[in-house]
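*Asks:* Dropping in data_38.tsv, which is TSV, C-alpha atoms:
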chain	number	residue	atom	x	y	z
A	1	MET	CA	75.93	18.10	25.10
A	2	LYS	CA	72.74	16.86	26.77
A	3	ALA	CA	70.70	19.15	24.53
A	4	LEU	CA	72.50	17.91	21.42
A	5	SER	CA	72.04	14.30	22.46
A	6	ARG	CA	68.29	14.89	23.05
A	7	ALA	CA	67.96	16.54	19.59
A	8	ALA	CA	69.67	13.56	17.98
A	9	SER	CA	67.30	11.19	19.73
A	10	LEU	CA	64.25	13.13	18.53
A	11	LEU	CA	65.59	13.17	14.96
A	12	SER	CA	66.17	9.41	15.07
A	13	ALA	CA	62.61	8.86	16.31
A	14	ALA	CA	61.22	11.07	13.54
A	15	LEU	CA	63.18	9.16	10.90
A	16	LEU	CA	61.82	5.86	12.25
A	17	MET	CA	58.24	7.22	11.98
A	18	LEU	CA	58.59	8.30	8.33
A	19	PRO	CA	57.57	4.94	6.79
A	20	ALA	CA	54.41	4.81	8.94
A	21	MET	CA	53.60	8.41	8.11
A	22	ALA	CA	54.06	7.74	4.42
A	23	GLN	CA	51.88	4.60	4.64
A	24	ALA	CA	49.10	6.61	6.33
A	25	GLN	CA	49.27	9.19	3.50
A	26	ILE	CA	48.96	12.08	5.94
A	27	THR	CA	48.56	15.41	4.17
A	28	VAL	CA	49.00	18.72	5.97
A	29	HIS	CA	47.40	21.87	4.62
A	30	ASN	CA	47.81	25.46	5.65
A	31	GLU	CA	45.14	28.11	5.29
A	32	HIS	CA	46.50	29.15	1.90
A	33	THR	CA	46.53	25.65	0.36
A	34	PRO	CA	43.09	24.11	-0.23
A	35	PRO	CA	42.96	20.34	0.32
A	36	GLN	CA	42.92	18.17	-2.80
A	37	ARG	CA	40.05	15.62	-2.94
A	38	ALA	CA	41.28	12.07	-3.47
A	39	ALA	CA	40.18	10.61	-6.80
A	40	ALA	CA	38.17	7.87	-5.07
A	41	GLN	CA	36.12	10.54	-3.25
A	42	VAL	CA	34.95	12.44	-6.33
A	43	PRO	CA	31.12	12.14	-6.26
A	44	ARG	CA	29.64	10.08	-9.06
A	45	PRO	CA	26.73	11.47	-11.11
A	46	HIS	CA	23.34	10.60	-9.61
A	47	PRO	CA	21.66	7.76	-11.54
A	48	THR	CA	19.05	8.87	-14.05
A	49	GLY	CA	15.49	8.24	-12.91
A	50	PRO	CA	12.59	7.41	-15.24
A	51	THR	CA	11.56	9.92	-17.91
A	52	VAL	CA	7.85	10.40	-18.57
A	53	HIS	CA	7.12	11.52	-22.14
A	54	ALA	CA	4.27	13.65	-23.46
A	55	ASP	CA	2.44	10.62	-24.91
A	56	GLY	CA	2.42	8.84	-21.54
A	57	SER	CA	5.25	6.44	-22.33
A	58	ILE	CA	8.12	6.10	-19.85
A	59	THR	CA	11.83	5.49	-20.43
A	60	PHE	CA	13.44	3.61	-17.56
A	61	HIS	CA	17.21	3.58	-16.87
A	62	PHE	CA	19.09	1.08	-14.73
A	63	PRO	CA	22.90	1.34	-14.27
A	64	LEU	CA	24.32	-2.15	-13.82
A	65	PRO	CA	27.15	-2.68	-16.35
A	66	GLY	CA	28.04	-6.20	-15.19
A	67	ALA	CA	24.53	-7.68	-15.55
A	68	LYS	CA	23.84	-10.27	-18.23
A	69	SER	CA	20.13	-9.48	-18.53
A	70	VAL	CA	17.73	-6.97	-16.93
A	71	LEU	CA	13.94	-6.93	-16.91
A	72	LEU	CA	11.58	-4.06	-16.08
A	73	ASP	CA	8.84	-5.21	-13.69
A	74	LEU	CA	6.06	-2.66	-14.28
A	75	GLU	CA	2.79	-2.89	-12.35
A	76	GLY	CA	0.02	-4.13	-14.61
A	77	ALA	CA	2.34	-5.40	-17.38
A	78	ASP	CA	4.43	-8.45	-18.21
A	79	PRO	CA	8.18	-8.18	-17.49
A	80	GLN	CA	9.91	-6.26	-20.30
A	81	PRO	CA	13.54	-6.90	-21.38
A	82	MET	CA	15.87	-3.91	-21.24
A	83	THR	CA	18.74	-3.08	-23.60
A	84	GLN	CA	22.25	-2.19	-22.47
A	85	GLY	CA	23.98	0.84	-23.94
A	86	ALA	CA	27.68	1.48	-24.48
A	87	ASP	CA	27.78	3.28	-21.11
A	88	GLY	CA	26.60	0.12	-19.34
A	89	VAL	CA	23.15	1.59	-18.54
A	90	TRP	CA	20.11	-0.58	-19.33
A	91	THR	CA	17.07	1.19	-20.81
A	92	VAL	CA	13.58	0.47	-22.12
A	93	THR	CA	10.71	2.70	-23.25
A	94	THR	CA	7.17	1.50	-22.61
A	95	ALA	CA	4.12	1.91	-24.78
A	96	PRO	CA	1.97	4.96	-23.92
A	97	LEU	CA	0.32	4.46	-20.50
A	98	GLN	CA	-2.91	5.80	-19.02
A	99	PRO	CA	-2.61	8.55	-16.38
A	100	GLU	CA	-1.89	6.73	-13.11
A	101	TYR	CA	0.67	5.91	-10.46
A	102	TYR	CA	2.65	2.80	-11.42
A	103	GLY	CA	4.81	0.61	-9.23
A	104	TYR	CA	7.97	-0.81	-10.76
A	105	GLY	CA	11.32	-2.42	-10.11
A	106	PHE	CA	14.09	-4.26	-11.95
A	107	THR	CA	15.19	-7.89	-12.06
A	108	ALA	CA	18.84	-8.33	-13.03
A	109	ASP	CA	20.11	-11.90	-13.35
A	110	ASP	CA	17.17	-13.12	-11.21
A	111	ILE	CA	17.82	-10.60	-8.41
A	112	ALA	CA	15.26	-7.86	-7.67
A	113	TYR	CA	16.48	-4.25	-7.45
A	114	LEU	CA	15.03	-0.84	-6.67
A	115	ASP	CA	15.71	2.15	-8.92
A	116	PRO	CA	18.67	4.13	-7.47
A	117	GLY	CA	17.49	7.17	-9.43
A	118	ASN	CA	14.03	7.41	-7.83
A	119	VAL	CA	13.39	8.20	-4.16
A	120	LEU	CA	9.64	7.48	-4.36
A	121	VAL	CA	9.13	4.00	-2.85
A	122	LYS	CA	6.00	1.95	-2.12
A	123	PRO	CA	6.06	0.45	1.41
A	124	ASN	CA	5.43	-3.29	1.56
A	125	LEU	CA	6.31	-6.10	3.95
A	126	LEU	CA	7.51	-8.50	1.24
A	127	ASN	CA	8.08	-6.67	-2.05
A	128	ILE	CA	9.22	-3.05	-2.02
A	129	GLN	CA	8.97	-1.19	-5.34
A	130	ASN	CA	9.48	2.29	-6.71
A	131	GLU	CA	6.62	4.39	-7.99
A	132	ILE	CA	6.18	6.80	-10.90
A	133	GLU	CA	3.22	8.90	-12.03
A	134	VAL	CA	2.00	9.41	-15.57
A	135	PRO	CA	0.08	12.71	-15.13
A	136	GLY	CA	-3.24	13.36	-16.80
A	137	PRO	CA	-4.21	16.38	-18.91
A	138	GLN	CA	-5.83	17.73	-15.75
A	139	PRO	CA	-5.46	16.73	-12.08
A	140	MET	CA	-6.81	13.25	-11.37
A	141	ASP	CA	-8.82	12.27	-8.30
A	142	TRP	CA	-5.65	10.82	-6.69
A	143	ASP	CA	-3.66	14.02	-7.27
A	144	MET	CA	-3.24	16.61	-4.52
A	145	GLN	CA	-5.48	19.56	-5.45
A	146	ASN	CA	-6.27	22.99	-4.05
A	147	VAL	CA	-9.17	21.80	-1.88
A	148	PRO	CA	-9.70	21.53	1.89
A	149	HIS	CA	-7.75	18.58	3.27
A	150	GLY	CA	-8.58	16.09	5.98
A	151	VAL	CA	-6.10	14.72	8.50
A	152	VAL	CA	-4.49	11.28	8.66
A	153	HIS	CA	-3.82	10.09	12.22
A	154	HIS	CA	-1.55	7.16	13.13
A	155	HIS	CA	-2.43	5.14	16.25
A	156	PHE	CA	-0.55	2.37	18.07
A	157	TYR	CA	-2.04	-0.09	20.56
A	158	GLN	CA	-1.31	-3.40	22.27
A	159	SER	CA	-3.17	-6.15	20.41
A	160	GLN	CA	-4.23	-9.03	22.64
A	161	THR	CA	-5.06	-11.15	19.61
A	162	LEU	CA	-1.67	-10.62	17.94
A	163	ALA	CA	0.19	-10.53	21.30
A	164	ARG	CA	2.20	-7.57	20.01
A	165	GLN	CA	2.01	-3.89	19.28
A	166	SER	CA	-0.18	-3.09	16.29
A	167	ASP	CA	-1.38	0.05	14.53
A	168	PHE	CA	-4.09	1.67	12.48
A	169	TYR	CA	-4.60	4.90	10.55
A	170	VAL	CA	-7.66	7.14	10.71
A	171	TYR	CA	-8.73	9.74	8.16
A	172	THR	CA	-10.90	12.56	9.46
A	173	PRO	CA	-12.56	14.75	6.81
A	174	PRO	CA	-11.97	18.49	6.37
A	175	ASP	CA	-13.70	20.57	9.05
A	176	TYR	CA	-14.06	17.51	11.29
A	177	ASN	CA	-16.24	18.47	14.26
A	178	PRO	CA	-16.15	16.12	17.29
A	179	LYS	CA	-19.62	17.37	18.29
A	180	LYS	CA	-21.07	15.86	15.13
A	181	LYS	CA	-21.55	12.12	14.46
A	182	TYR	CA	-19.92	10.80	11.28
A	183	PRO	CA	-20.41	7.63	9.25
A	184	VAL	CA	-17.40	5.32	9.14
A	185	LEU	CA	-15.69	3.19	6.52
A	186	TYR	CA	-13.31	0.45	7.66
A	187	LEU	CA	-10.89	0.20	4.72
A	188	LEU	CA	-8.65	-2.87	4.63
A	189	HIS	CA	-5.38	-3.35	2.72
A	190	GLY	CA	-4.17	-6.41	0.81
A	191	TYR	CA	-1.69	-9.16	1.56
A	192	SER	CA	1.92	-8.02	2.07
A	193	ASP	CA	0.86	-4.39	2.66
A	194	ASP	CA	1.18	-2.72	6.03
A	195	ALA	CA	-1.37	-0.42	7.66
A	196	SER	CA	-0.18	2.54	5.56
A	197	GLY	CA	-1.08	0.83	2.28
A	198	TRP	CA	-4.27	2.74	1.52
A	199	THR	CA	-2.73	6.15	2.25
A	200	ALA	CA	0.89	5.71	1.14
A	201	VAL	CA	0.08	3.82	-2.08
A	202	GLY	CA	-3.69	3.98	-2.57
A	203	ARG	CA	-3.76	7.73	-1.84
A	204	ALA	CA	-7.14	7.21	-0.17
A	205	ASN	CA	-6.99	10.43	1.86
A	206	VAL	CA	-6.27	12.49	-1.27
A	207	ILE	CA	-9.10	10.78	-3.16
A	208	LEU	CA	-11.55	11.40	-0.31
A	209	ASP	CA	-10.52	15.07	-0.05
A	210	ASN	CA	-11.21	15.56	-3.75
A	211	LEU	CA	-14.51	13.64	-3.79
A	212	ILE	CA	-15.79	15.57	-0.77
A	213	ALA	CA	-14.84	18.86	-2.46
A	214	GLN	CA	-16.76	17.73	-5.57
A	215	ASN	CA	-19.82	16.88	-3.39
A	216	LYS	CA	-19.67	13.30	-4.66
A	217	ILE	CA	-19.41	11.65	-1.25
A	218	LYS	CA	-20.54	12.34	2.28
A	219	PRO	CA	-17.82	13.41	4.73
A	220	MET	CA	-16.82	10.25	6.58
A	221	ILE	CA	-14.26	8.86	8.96
A	222	VAL	CA	-12.09	6.12	7.47
A	223	VAL	CA	-10.30	3.58	9.69
A	224	MET	CA	-7.40	1.68	8.07
A	225	PRO	CA	-5.97	-1.05	10.34
A	226	LEU	CA	-3.11	-3.49	10.02
A	227	GLY	CA	-4.81	-6.42	8.33
A	228	TYR	CA	-3.43	-9.64	9.83
A	229	GLY	CA	-5.06	-11.99	12.32
A	230	THR	CA	-1.68	-13.69	12.65
A	231	MET	CA	1.71	-12.46	11.52
A	232	ASP	CA	2.50	-16.05	10.51
A	233	MET	CA	0.93	-15.00	7.23
A	234	ILE	CA	3.98	-12.79	6.64
A	235	THR	CA	6.66	-15.11	8.08
A	236	HIS	CA	5.50	-17.80	5.62
A	237	ALA	CA	5.64	-15.22	2.79
A	238	TRP	CA	3.63	-16.03	-0.34
A	239	GLY	CA	3.63	-19.71	0.52
A	240	ALA	CA	1.17	-18.90	3.33
A	241	TRP	CA	-1.71	-19.19	0.88
A	242	SER	CA	-0.89	-22.87	0.37
A	243	HIS	CA	-1.68	-23.58	4.04
A	244	GLN	CA	-5.47	-23.54	4.31
A	245	GLU	CA	-5.48	-23.87	8.10
A	246	LEU	CA	-3.27	-20.79	8.39
A	247	VAL	CA	-5.43	-18.83	5.95
A	248	ASP	CA	-8.64	-19.75	7.81
A	249	ARG	CA	-7.04	-18.88	11.16
A	250	ASN	CA	-5.88	-15.53	9.78
A	251	PHE	CA	-9.39	-14.60	8.61
A	252	SER	CA	-11.03	-15.77	11.83
A	253	LEU	CA	-8.62	-13.97	14.16
A	254	TYR	CA	-8.73	-10.81	12.07
A	255	THR	CA	-12.47	-10.50	12.65
A	256	GLN	CA	-11.65	-10.52	16.37
A	257	VAL	CA	-8.94	-7.89	15.92
A	258	LEU	CA	-11.27	-5.59	14.01
A	259	LEU	CA	-14.42	-5.97	16.12
A	260	ASN	CA	-12.88	-6.33	19.58
A	261	GLU	CA	-9.83	-4.07	19.35
A	262	VAL	CA	-9.78	-1.60	16.46
A	263	LYS	CA	-13.48	-0.74	16.30
A	264	PRO	CA	-13.87	0.05	20.04
A	265	LEU	CA	-10.69	2.15	20.02
A	266	ALA	CA	-11.85	4.12	16.96
A	267	GLU	CA	-15.30	4.72	18.45
A	268	LYS	CA	-13.75	5.84	21.75
A	269	THR	CA	-11.38	8.28	20.05
A	270	TYR	CA	-13.53	9.69	17.24
A	271	SER	CA	-17.09	10.91	16.87
A	272	ILE	CA	-18.48	7.89	15.01
A	273	SER	CA	-22.17	7.18	14.60
A	274	LYS	CA	-23.38	4.03	16.40
A	275	ASP	CA	-26.07	3.39	13.77
A	276	ARG	CA	-25.21	0.29	11.68
A	277	LYS	CA	-26.58	2.10	8.63
A	278	ASP	CA	-23.63	4.47	9.02
A	279	HIS	CA	-21.07	1.65	9.00
A	280	ALA	CA	-19.27	0.29	5.93
A	281	ILE	CA	-16.40	-2.14	5.43
A	282	ALA	CA	-14.37	-2.67	2.26
A	283	GLY	CA	-10.97	-3.93	1.23
A	284	LEU	CA	-8.77	-5.20	-1.55
A	285	SER	CA	-7.49	-8.74	-2.14
A	286	MET	CA	-6.93	-10.27	1.32
A	287	GLY	CA	-8.69	-7.22	2.79
A	288	GLY	CA	-11.62	-7.84	0.46
A	289	GLY	CA	-11.87	-11.40	1.76
A	290	GLU	CA	-11.76	-10.04	5.33
A	291	SER	CA	-14.45	-7.50	4.48
A	292	LEU	CA	-16.76	-10.24	3.16
A	293	ARG	CA	-16.18	-12.63	6.06
A	294	THR	CA	-16.45	-9.94	8.74
A	295	GLY	CA	-19.16	-7.82	7.16
A	296	LEU	CA	-21.54	-10.50	5.89
A	297	ASN	CA	-21.34	-12.39	9.19
A	298	HIS	CA	-21.89	-9.26	11.31
A	299	LEU	CA	-24.71	-7.36	9.66
A	300	ASP	CA	-25.56	-5.93	13.08
A	301	ASP	CA	-22.39	-3.88	12.64
A	302	PHE	CA	-22.20	-3.20	8.89
A	303	ALA	CA	-24.77	-2.24	6.28
A	304	TYR	CA	-22.39	-1.54	3.35
A	305	ILE	CA	-19.77	-4.05	2.18
A	306	GLY	CA	-17.26	-3.66	-0.63
A	307	ALA	CA	-14.88	-6.31	-1.98
A	308	PHE	CA	-12.17	-5.32	-4.47
A	309	SER	CA	-10.36	-8.18	-6.29
A	310	SER	CA	-11.09	-10.26	-3.23
A	311	ALA	CA	-9.67	-13.46	-1.82
A	312	VAL	CA	-13.15	-15.02	-1.76
A	313	PRO	CA	-13.75	-18.49	-0.27
A	314	ALA	CA	-12.86	-21.19	-2.78
A	315	ASN	CA	-16.02	-23.15	-1.89
A	316	GLY	CA	-18.28	-23.98	1.04
A	317	TYR	CA	-20.05	-20.63	0.92
A	318	GLU	CA	-22.89	-21.88	3.14
A	319	GLN	CA	-20.39	-22.78	5.88
A	320	VAL	CA	-18.52	-19.48	5.63
A	321	PHE	CA	-21.72	-17.38	5.56
A	322	PRO	CA	-24.25	-19.52	7.48
A	323	ASN	CA	-26.78	-16.76	8.26
A	324	LEU	CA	-26.49	-14.63	5.14
A	325	ALA	CA	-29.56	-15.95	3.34
A	326	LYS	CA	-31.91	-15.08	6.21
A	327	ASP	CA	-30.20	-11.73	7.00
A	328	LYS	CA	-29.82	-10.53	3.40
A	329	ASP	CA	-32.54	-7.85	3.77
A	330	ARG	CA	-30.25	-6.00	6.20
A	331	LEU	CA	-27.77	-5.28	3.41
A	332	LYS	CA	-27.82	-1.74	2.07
A	333	LEU	CA	-25.09	-2.57	-0.47
A	334	LEU	CA	-22.90	-5.54	-1.35
A	335	TRP	CA	-20.44	-4.39	-4.04
A	336	VAL	CA	-18.07	-7.00	-5.54
A	337	ALA	CA	-15.53	-5.75	-8.11
A	338	CYS	CA	-12.65	-7.40	-9.96
A	339	GLY	CA	-10.46	-6.74	-12.99
A	340	VAL	CA	-11.14	-9.09	-15.90
A	341	ASP	CA	-7.41	-9.86	-16.24
A	342	ASP	CA	-7.01	-10.54	-12.51
A	343	HIS	CA	-6.05	-14.09	-11.50
A	344	LEU	CA	-8.93	-13.92	-8.98
A	345	ILE	CA	-11.66	-13.19	-11.56
A	346	THR	CA	-12.75	-16.86	-11.79
A	347	PRO	CA	-13.35	-17.40	-8.04
A	348	ASN	CA	-15.03	-13.97	-7.83
A	349	ARG	CA	-17.40	-14.92	-10.63
A	350	ALA	CA	-18.19	-18.22	-8.92
A	351	PHE	CA	-18.91	-16.43	-5.65
A	352	THR	CA	-21.21	-13.80	-7.17
A	353	SER	CA	-23.01	-16.53	-9.12
A	354	TRP	CA	-23.74	-18.30	-5.82
A	355	LEU	CA	-24.98	-15.03	-4.29
A	356	LYS	CA	-27.42	-14.58	-7.15
A	357	GLN	CA	-28.62	-18.18	-6.84
A	358	GLN	CA	-29.37	-17.47	-3.17
A	359	GLN	CA	-31.20	-14.28	-4.22
A	360	ILE	CA	-28.78	-12.20	-2.19
A	361	PRO	CA	-28.62	-8.71	-3.72
A	362	VAL	CA	-25.15	-7.97	-5.10
A	363	THR	CA	-23.70	-5.34	-7.41
A	364	VAL	CA	-21.09	-6.97	-9.64
A	365	ILE	CA	-18.44	-4.75	-11.22
A	366	GLU	CA	-15.92	-6.02	-13.77
A	367	THR	CA	-13.33	-3.59	-15.09
A	368	PRO	CA	-10.23	-3.79	-17.28
A	369	GLY	CA	-7.06	-4.51	-15.34
A	370	ARG	CA	-5.05	-6.97	-13.31
A	371	HIS	CA	-4.39	-7.33	-9.58
A	372	THR	CA	-3.09	-3.76	-9.27
A	373	TRP	CA	-3.46	-0.52	-7.37
A	374	MET	CA	-4.66	1.15	-10.58
A	375	VAL	CA	-7.83	-0.98	-10.32
A	376	TRP	CA	-8.26	-0.46	-6.57
A	377	ARG	CA	-7.95	3.33	-6.61
A	378	ASN	CA	-10.73	3.43	-9.18
A	379	ASN	CA	-12.75	0.97	-7.09
A	380	LEU	CA	-12.54	3.38	-4.16
A	381	ILE	CA	-13.52	6.32	-6.37
A	382	ASN	CA	-16.61	4.49	-7.60
A	383	PHE	CA	-17.61	2.72	-4.36
A	384	THR	CA	-17.56	5.59	-1.84
A	385	PRO	CA	-20.24	7.74	-3.57
A	386	LEU	CA	-22.71	4.88	-2.95
A	387	LEU	CA	-22.22	4.94	0.81
A	388	PHE	CA	-24.53	6.39	3.46
A	389	GLN	CA	-27.12	7.65	1.01
A	390	LYS	CA	-30.63	8.04	2.40
Could you show the structure in this file as structure tokens?
*Replies:*
Amino acid sequence: MKALSRAASLLSAALLMLPAMAQAQITVHNEHTPPQRAAAQVPRPHPTGPTVHADGSITFHFPLPGAKSVLLDLEGADPQPMTQGADGVWTVTTAPLQPEYYGYGFTADDIAYLDPGNVLVKPNLLNIQNEIEVPGPQPMDWDMQNVPHGVVHHHFYQSQTLARQSDFYVYTPPDYNPKKKYPVLYLLHGYSDDASGWTAVGRANVILDNLIAQNKIKPMIVVMPLGYGTMDMITHAWGAWSHQELVDRNFSLYTQVLLNEVKPLAEKTYSISKDRKDHAIAGLSMGGGESLRTGLNHLDDFAYIGAFSSAVPANGYEQVFPNLAKDKDRLKLLWVACGVDDHLITPNRAFTSWLKQQQIPVTVIETPGRHTWMVWRNNLINFTPLLFQK
């Protein structure tokens, strides 16, 4: 009787548990019955990435059925409206494009989006984008080729100026020999980039590998530091450029970062020539402005200076460069380049006009293009062969 009573109790308990078991949708399988995947777990097709056509045009796809309007934000072009298909996917096909890497993203109902169909992403502290290549008929200078490759090293250090950890990258050329002294180029990124900008997006190490293999440039060490004298420049986002005191402080402190922290560390770690005639500094946008302010005010350290689409001083050149007129003969090269469709072309023209009035030797380069990496990669390709020539 006790056994029967216990069995009844267990049965009653099991019956009480049935609603909970049903609510939990517990399914039991044996080894002969494969589990059935719930409909909600069936994987969706991967979104379609961009399609590059033979003529260099690109068709972009963006799956957002509920959007009211979608724009393609393509580097170097005005925003382009996209058209929604019956499947809810928005598409647009560009005009034929020149061989290059292009950054892009989407704006749907005033909200910025990345492309879910493309894993290639450009790093940036404020505005992350995808990237797509339009290949050339033959490998371009920024394409990985079957040549000897240098090495990119990533260093971290405690910055006293920034009061935080900071970093820099160093490119050493193929067959780097620490027993040999090398010339050095300090290569500075633009505003909103991080220290990886010139390698991750500019493909500087690939370009240098190819130019060295073509005997167009001398093997050199390239130092690429984080380019901020104060990180307040980033916390204020693009509005930082409206605060002149902050901008001036950023440029001033960055000279200290470069000369007192990065440069000594690079020279301690790598076999860099101490001769100023083996030292160059160049950069793009904000980095171009830093190159001018640091290089032209420290000609004891730098003989070659390059400025790509630079944030030049708006005025007061004599105050920013007080000793340049008397030290101008120490310059081996001052190379100032800008795209004619760049919003900085007017201040760059005003600056180079002043240089010429002061009889300071300057090479002025104006090319097609806007404020884009397509311009700056070509700047690097054309600037580096001029360095360290006897």
*Asks:* Using only C-alpha atoms, which of A:Met220, A:Met82, A:Ile381, A:Val147 sits nearest Ser271 of chain A?
*Replies:*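 Closest to Ser271 of chain A, using only C-alpha atoms: A:Met220.
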*Asks:* Could you name the residues that touch Tyr254 of chain A at 7 Å or less, counting only C-alpha atoms, but leaving out those on the same chain fewer than 5 positions away, as a tab-separated table (two decimals) with C-alpha atoms, in the frame of the given file?
*Replies:*
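Writing the result to result_9.tsv gives the following:
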chain	number	residue	atom	x	y	z
A	227	GLY	CA	-4.81	-6.42	8.33
A	228	TYR	CA	-3.43	-9.64	9.83
A	229	GLY	CA	-5.06	-11.99	12.32
*Asks:* For Val312 of chain A, which of A:Lys218, A:His279, A:Arg293, A:Arg330 is the closest residue, counting all atoms listed in the file?
*Replies:* A:Arg293
*Asks:* I'd like the interatomic distance between atom CA of Val201 of chain A and atom CA of Ile128 of chain A, to a tenth of an Å.
*Replies:* 11.4 Å
*Asks:* Between A:Ala108, A:Leu187, A:Ile272, A:Leu64, which one has atoms that come closest to Val89 of chain A, using all atoms listed in the file?
*Replies:*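 Residue with the minimum atom-to-atom distance to Val89 of chain A: A:Leu64.
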*Asks:* Report the distance between atom CA of Phe168 of chain A and atom CA of Glu100 of chain A in Å, rounded to one decimal place.
*Replies:* 26.2 Å
*Asks:* Could you check which of A:Asn348, A:Thr91, A:Thr294, A:Asn323 is closest to Ala311 of chain A, using only C-alpha atoms?
*Replies:* A:Asn348
*Asks:* Rounded to one decimal place, report the atom CA of Tyr113 of chain A-atom CA of Pro96 of chain A distance in Å.
*Replies:*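 Taking atom CA of Tyr113 of chain A and atom CA of Pro96 of chain A, their separation equals 23.8 Å.
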*Asks:* Return the single residue from A:Asp278, A:Glu131, A:Glu267, A:Asp301 that is closest to Thr255 of chain A, with distances computed using only C-alpha atoms.
*Replies:*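 Smallest separation from Thr255 of chain A among the options: A:Asp301.
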*Asks:* Which residues come within 10 Å of Asn382 of chain A, counting all atoms listed in the file, excluding same-chain residues fewer than 6 positions away, as a PDB file with C-alpha atoms, keeping the file's coordinate frame?
*Replies:*
ATOM      1  CA  LYS A 216     -19.670  13.300  -4.660  1.00  0.00           C
ATOM      2  CA  ILE A 217     -19.410  11.650  -1.250  1.00  0.00           C
ATOM      3  CA  TRP A 376      -8.260  -0.460  -6.570  1.00  0.00           C
TER       4      TRP A 376
END
*Asks:* Only C-alpha atoms needed: put segment 116-150 of chain A from the block into a file as a compact mmCIF listing (two decimals), in the first residue's frame.
*Replies:*
# COMPACT_ATOMS: atom_id res chain seq x y z
CA PRO A 116 26.27 44.49 -43.19
CA GLY A 117 27.47 42.71 -46.34
CA ASN A 118 31.09 43.94 -46.19
CA VAL A 119 33.57 43.02 -43.45
CA LEU A 120 36.25 45.47 -44.65
CA VAL A 121 36.05 48.50 -42.32
CA LYS A 122 38.16 51.67 -42.04
CA PRO A 123 39.16 52.40 -38.41
CA ASN A 124 38.34 55.91 -37.22
CA LEU A 125 37.68 57.56 -33.86
CA LEU A 126 34.58 59.46 -35.03
CA ASN A 127 33.31 58.10 -38.34
CA ILE A 128 33.74 54.42 -39.16
CA GLN A 129 33.12 53.43 -42.79
CA ASN A 130 33.37 50.38 -45.00
CA GLU A 131 35.88 50.14 -47.81
CA ILE A 132 35.81 48.70 -51.33
CA GLU A 133 38.47 48.48 -54.04
CA VAL A 134 38.04 49.15 -57.73
CA PRO A 135 41.01 47.17 -59.11
CA GLY A 136 43.18 48.45 -61.92
CA PRO A 137 44.12 46.62 -65.13
CA GLN A 138 47.38 45.76 -63.36
CA PRO A 139 48.38 45.90 -59.68
CA MET A 140 48.50 49.45 -58.33
CA ASP A 141 51.17 50.80 -55.98
CA TRP A 142 48.79 50.29 -53.00
CA ASP A 143 48.11 46.65 -53.93
CA MET A 144 49.99 43.80 -52.26
CA GLN A 145 52.46 42.47 -54.83
CA ASN A 146 55.02 39.68 -55.04
CA VAL A 147 57.91 41.78 -53.71
CA PRO A 148 59.95 41.71 -50.49
CA HIS A 149 57.91 43.11 -47.62
CA GLY A 150 58.89 45.25 -44.67
